[in-house]
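What follows is start-v9.cif (mmCIF, C-alpha atoms).
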```
data_coords
loop_
_atom_site.group_PDB
_atom_site.id
_atom_site.type_symbol
_atom_site.label_atom_id
_atom_site.label_comp_id
_atom_site.auth_asym_id
_atom_site.auth_seq_id
_atom_site.Cartn_x
_atom_site.Cartn_y
_atom_site.Cartn_z
ATOM 1 C CA PHE A 1 -72.303 39.719 -125.044
ATOM 2 C CA PHE A 2 -72.295 40.412 -128.785
ATOM 3 C CA LEU A 3 -73.982 37.121 -129.741
ATOM 4 C CA ARG A 4 -76.876 37.802 -127.405
ATOM 5 C CA THR A 5 -77.849 41.104 -128.988
ATOM 6 C CA GLY A 6 -80.585 41.107 -131.576
ATOM 7 C CA SER A 7 -78.794 43.711 -133.698
ATOM 8 C CA LEU A 8 -75.788 41.441 -134.323
ATOM 9 C CA ASN A 9 -78.108 38.582 -135.209
ATOM 10 C CA GLN A 10 -79.872 40.831 -137.723
ATOM 11 C CA THR A 11 -76.546 42.018 -139.133
ATOM 12 C CA LEU A 12 -75.220 38.465 -139.623
ATOM 13 C CA ARG A 13 -78.427 37.015 -141.107
ATOM 14 C CA PRO A 14 -77.529 37.882 -144.755
ATOM 15 C CA LEU A 15 -74.058 36.398 -144.329
ATOM 16 C CA ARG A 16 -75.484 33.176 -142.856
ATOM 17 C CA ALA A 17 -77.972 32.956 -145.728
ATOM 18 C CA LEU A 18 -75.080 33.227 -148.183
ATOM 19 C CA TYR A 19 -73.040 30.290 -146.851
ATOM 20 C CA ALA A 20 -75.942 28.119 -145.588
ATOM 21 C CA PRO A 21 -76.546 26.315 -148.928
ATOM 22 C CA PHE A 22 -72.940 25.113 -148.945
ATOM 23 C CA ARG A 23 -73.143 23.743 -145.387
ATOM 24 C CA SER A 24 -69.533 24.765 -144.880
ATOM 25 C CA VAL A 25 -69.992 26.493 -141.551
ATOM 26 C CA ASN A 26 -71.401 25.051 -138.304
ATOM 27 C CA VAL A 27 -71.536 21.478 -139.539
ATOM 28 C CA TYR A 28 -72.137 19.583 -136.314
ATOM 29 C CA HIS A 29 -69.854 16.654 -137.071
ATOM 30 C CA LEU A 30 -67.597 15.339 -139.805
ATOM 31 C CA PHE A 31 -70.082 13.248 -141.743
ATOM 32 C CA PRO A 32 -73.451 15.029 -141.662
ATOM 33 C CA GLY A 33 -74.580 13.462 -144.924
ATOM 34 C CA ILE A 34 -73.973 9.940 -143.638
ATOM 35 C CA VAL A 35 -74.976 10.206 -140.002
ATOM 36 C CA ARG A 36 -78.273 12.055 -139.651
ATOM 37 C CA GLN A 37 -78.444 12.094 -135.870
ATOM 38 C CA ARG A 38 -75.748 12.586 -133.295
ATOM 39 C CA ILE A 39 -75.807 10.506 -130.134
ATOM 40 C CA VAL A 40 -73.220 11.393 -127.513
ATOM 41 C CA ALA A 41 -72.215 9.078 -124.668
ATOM 42 C CA GLU A 42 -71.279 10.874 -121.449
ATOM 43 C CA LEU A 43 -69.351 8.829 -118.895
ATOM 44 C CA GLU A 44 -70.516 9.085 -115.292
ATOM 45 C CA GLY A 45 -68.838 7.763 -112.163
ATOM 46 C CA SER A 46 -70.249 6.874 -108.766
ATOM 47 C CA GLU A 47 -69.030 5.824 -105.342
ATOM 48 C CA ASP A 48 -72.368 4.473 -104.134
ATOM 49 C CA GLY A 49 -74.457 3.652 -107.232
ATOM 50 C CA ARG A 50 -76.957 6.422 -106.401
ATOM 51 C CA ARG A 51 -75.161 9.726 -107.037
ATOM 52 C CA TRP A 52 -73.492 9.985 -110.434
ATOM 53 C CA SER A 53 -70.973 12.620 -111.538
ATOM 54 C CA PRO A 54 -70.199 13.232 -115.231
ATOM 55 C CA TYR A 55 -66.757 13.214 -116.789
ATOM 56 C CA HIS A 56 -66.582 16.038 -119.349
ATOM 57 C CA LEU A 57 -64.389 15.020 -122.252
ATOM 58 C CA ARG A 58 -62.377 17.858 -123.765
ATOM 59 C CA TYR A 59 -63.360 18.722 -127.347
ATOM 60 C CA ALA A 60 -66.694 16.907 -127.105
ATOM 61 C CA PRO A 61 -70.237 18.155 -126.593
ATOM 62 C CA GLY A 62 -71.213 18.358 -122.948
ATOM 63 C CA ASP A 63 -72.869 21.143 -120.997
ATOM 64 C CA PRO A 64 -75.385 22.790 -123.383
ATOM 65 C CA SER A 65 -74.455 26.257 -122.119
ATOM 66 C CA VAL A 66 -70.761 25.871 -123.013
ATOM 67 C CA ALA A 67 -69.687 26.941 -126.504
ATOM 68 C CA PRO A 68 -68.165 24.224 -128.687
ATOM 69 C CA PRO A 69 -64.367 24.468 -128.768
ATOM 70 C CA MET A 70 -62.555 25.397 -131.957
ATOM 71 C CA THR A 71 -60.750 22.311 -133.283
ATOM 72 C CA TRP A 72 -60.685 22.897 -137.014
ATOM 73 C CA LEU A 73 -56.884 23.095 -137.198
ATOM 74 C CA HIS A 74 -56.537 19.688 -135.580
ATOM 75 C CA ASN A 75 -58.825 16.845 -134.696
ATOM 76 C CA PRO A 76 -57.996 15.501 -131.225
ATOM 77 C CA ARG A 77 -57.517 11.773 -131.695
ATOM 78 C CA PHE A 78 -59.325 10.338 -128.692
ATOM 79 C CA PRO A 79 -62.493 12.465 -128.897
ATOM 80 C CA PHE A 80 -62.645 11.611 -132.603
ATOM 81 C CA HIS A 81 -62.583 7.863 -131.899
ATOM 82 C CA TYR A 82 -64.889 8.288 -128.913
ATOM 83 C CA SER A 83 -67.501 9.896 -131.173
ATOM 84 C CA PHE A 84 -67.687 6.694 -133.253
ATOM 85 C CA PHE A 85 -68.622 4.546 -130.256
ATOM 86 C CA THR A 86 -72.333 5.382 -130.467
ATOM 87 C CA LEU A 87 -72.499 4.330 -134.119
ATOM 88 C CA GLY A 88 -72.463 0.692 -132.951
ATOM 89 C CA ARG A 89 -69.619 -0.432 -135.194
ATOM 90 C CA GLY A 90 -67.948 -2.463 -132.421
ATOM 91 C CA GLY A 91 -64.328 -3.566 -132.745
ATOM 92 C CA ARG A 92 -61.804 -0.810 -132.311
ATOM 93 C CA ASP A 93 -64.386 1.736 -131.120
ATOM 94 C CA GLN A 94 -65.355 -0.519 -128.220
ATOM 95 C CA GLU A 95 -61.696 -1.200 -127.501
ATOM 96 C CA TYR A 96 -61.084 2.533 -127.022
ATOM 97 C CA ILE A 97 -63.980 2.753 -124.559
ATOM 98 C CA HIS A 98 -62.992 -0.412 -122.710
ATOM 99 C CA ASN A 99 -59.436 0.892 -122.246
ATOM 100 C CA LEU A 100 -60.726 4.280 -121.098
ATOM 101 C CA VAL A 101 -63.043 2.679 -118.541
ATOM 102 C CA GLN A 102 -60.228 0.496 -117.205
ATOM 103 C CA ARG A 103 -57.970 3.530 -116.816
ATOM 104 C CA LEU A 104 -60.650 5.631 -115.146
ATOM 105 C CA CYS A 105 -61.251 2.848 -112.659
ATOM 106 C CA CYS A 106 -57.692 1.758 -111.939
ATOM 107 C CA ASP A 107 -55.340 4.539 -113.033
ATOM 108 C CA PRO A 108 -57.323 7.787 -113.346
ATOM 109 C CA ARG A 109 -54.216 9.987 -113.517
ATOM 110 C CA ALA A 110 -53.201 8.278 -116.772
ATOM 111 C CA VAL A 111 -56.272 9.629 -118.577
ATOM 112 C CA ALA A 112 -56.866 12.845 -116.609
ATOM 113 C CA GLY A 113 -55.683 14.986 -119.540
ATOM 114 C CA LEU A 114 -58.583 13.799 -121.690
ATOM 115 C CA PHE A 115 -61.133 15.402 -119.382
ATOM 116 C CA ALA A 116 -61.968 18.984 -118.502
ATOM 117 C CA ASP A 117 -62.690 17.804 -114.967
ATOM 118 C CA ASP A 118 -62.385 14.580 -113.008
ATOM 119 C CA PRO A 119 -64.830 13.915 -110.167
ATOM 120 C CA TYR A 120 -62.602 11.108 -108.774
ATOM 121 C CA PRO A 121 -59.003 12.183 -109.473
ATOM 122 C CA ASP A 122 -57.163 10.303 -106.747
ATOM 123 C CA ARG A 123 -58.747 6.908 -106.615
ATOM 124 C CA GLY A 124 -61.262 6.488 -109.418
ATOM 125 C CA PRO A 125 -64.955 5.641 -109.010
ATOM 126 C CA ARG A 126 -66.410 2.339 -107.833
ATOM 127 C CA GLU A 127 -68.794 2.223 -110.801
ATOM 128 C CA LEU A 128 -69.029 3.785 -114.242
ATOM 129 C CA ARG A 129 -71.915 4.040 -116.662
ATOM 130 C CA MET A 130 -72.777 5.919 -119.829
ATOM 131 C CA ARG A 131 -75.648 8.317 -120.239
ATOM 132 C CA PHE A 132 -76.654 8.834 -123.866
ATOM 133 C CA TYR A 133 -78.028 12.039 -125.382
ATOM 134 C CA HIS A 134 -79.320 13.109 -128.798
ATOM 135 C CA TYR A 135 -77.450 16.336 -129.579
ATOM 136 C CA ARG A 136 -78.043 19.107 -132.066
ATOM 137 C CA PHE A 137 -76.788 22.645 -132.322
ATOM 138 C CA GLY A 138 -79.036 25.202 -130.699
ATOM 139 C CA THR A 139 -80.536 27.984 -132.766
ATOM 140 C CA TRP A 140 -79.737 31.692 -132.493
ATOM 141 C CA SER A 141 -82.964 31.969 -130.538
ATOM 142 C CA ASP A 142 -81.805 29.260 -128.066
ATOM 143 C CA LEU A 143 -78.581 31.173 -127.533
ATOM 144 C CA GLU A 144 -80.273 34.544 -127.138
ATOM 145 C CA THR A 145 -83.098 33.300 -124.922
ATOM 146 C CA ASP A 146 -81.565 30.511 -122.811
ATOM 147 C CA GLY A 147 -77.822 30.879 -123.398
ATOM 148 C CA LEU A 148 -77.725 27.368 -124.927
ATOM 149 C CA TYR A 149 -75.316 26.420 -127.711
ATOM 150 C CA TRP A 150 -76.603 22.844 -127.793
ATOM 151 C CA ARG A 151 -79.933 21.122 -127.444
ATOM 152 C CA ARG A 152 -79.879 17.631 -126.050
ATOM 153 C CA GLU A 153 -82.513 15.071 -125.162
ATOM 154 C CA PRO A 154 -81.907 11.978 -123.016
ATOM 155 C CA ALA A 155 -81.536 8.768 -125.048
ATOM 156 C CA GLY A 156 -80.876 6.161 -122.339
ATOM 157 C CA VAL A 157 -78.438 4.933 -119.712
ATOM 158 C CA SER A 158 -76.164 1.887 -119.808
ATOM 159 C CA ALA A 159 -75.926 -0.685 -117.064
ATOM 160 C CA PRO A 160 -73.233 0.147 -114.484
ATOM 161 C CA TYR A 161 -69.726 -1.204 -114.960
ATOM 162 C CA TRP A 162 -68.164 -2.284 -111.669
ATOM 163 C CA CYS A 163 -64.581 -1.169 -111.278
ATOM 164 C CA VAL A 164 -62.363 -4.081 -110.301
ATOM 165 C CA CYS A 165 -58.734 -3.182 -109.681
ATOM 166 C CA ASP A 166 -55.855 -4.123 -107.450
ATOM 167 C CA ARG A 167 -56.137 -1.014 -105.273
#
```
Whole structure, structure tokens version:
Amino acid sequence: FFLRTGSLNQTLRPLRALYAPFRSVNVYHLFPGIVRQRIVAELEGSEDGRRWSPYHLRYAPGDPSVAPPMTWLHNPRFPFHYSFFTLGRGGRDQEYIHNLVQRLCCDPRAVAGLFADDPYPDRGPRELRMRFYHYRFGTWSDLETDGLYWRREPAGVSAPYWCVCDR
């Protein structure tokens, strides 16, 4: 309620102008001087290869109308490593994703705690893929007008990964 009112925005403008040069508040990710754009990979599962349902990772950007969670006192380990996957470094980053995909397919209960919701909690999906988005924080105007904390633009979709398990 308070963030959507113009009067609060006006009241906070001088404070935001004071700390803005130091970039110490609302930095989108840990290394803004090194990584100039933020690409987020959102996992999606499907039973039939036509309808896809997203897995929303806790502590990671997702639905643009949901406020980012406060994690400054701790940095959840998996979402931190997951965020490096789109940098294309390979190695350990890909190992984290490969293990996650295997668990989602074959043992979804083992990784259920990583997600805010699980579209296939009992059995796992038949296929998984990643949908990529360019993310940036929304502006005060985006929040006031559309209720959006984030702005995201589609950046591509991976080929499907077929789940093969001893079910």
* Return the single residue from A:Ser53, A:Ser65, A:Asn9, A:Ser46 that is closest to Gly138 (chain A), with distances computed using all atoms listed in the file. =>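 Checking each of A:Ser53, A:Ser65, A:Asn9, A:Ser46 against Gly138 (chain A), counting all atoms listed in the file, the winner is A:Ser65.
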* Asked: Nearest to Phe137 (chain A) among A:Ala110, A:Leu104, A:Val157, A:Val66, with distances taken over only C-alpha atoms: which residue is it?
  ->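 Of all the options, A:Val66 lies closest to Phe137 (chain A).
Here the PyMOL selection byres ((chain A and resi 67) around 10) captures the residues Pro61, Gly62, Asp63, Pro64, Ser65, Val66, Pro68, Pro69, Met70, Leu143, Gly147, Leu148, Tyr149 and Trp150 of chain A.
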* Reference answer for the PyMOL selection byres ((chain A and resi 105) around 9), as a VMD selection string -> chain A and resid 100 to 104 106 to 108 123 to 128 162 to 165
* From A:Leu18, A:Val40, A:Leu57, A:Ala159, residue lying nearest Phe84 (chain A) [only C-alpha atoms] ->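 Among the listed residues, A:Val40 lies closest to Phe84 (chain A).
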* **Distance query Ala155 (chain A) at most 7 Å, only C-alpha atoms, self and fewer than 6 positions along chain excluded, as a PyMOL selection string** => chain A and resi 132-134
* Asked: Which value, in Å to one decimal, gives the distance between CA of Leu87 (chain A) and CA of Tyr161 (chain A)?
  ->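 Going from CA of Leu87 (chain A) over to CA of Tyr161 (chain A) covers 20.1 Å.
CA of Trp52 (chain A) is found 24.1 Å from CA of Asp93 (chain A).
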* With all atoms listed in the file counted, which protein, DNA or RNA residues have an atom no more than 9 Å from (-73.9, 6.3, -118.6) in the file frame? Please answer as a PyMOL selection string. => chain A and resi 41-45+52+54+128-132+156-160
* Asked: Between CA of Pro119 (chain A) and CA of Arg51 (chain A), what is the spacing in Å?
  ->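 Going from CA of Arg51 (chain A) over to CA of Pro119 (chain A), I get 11.6 Å.
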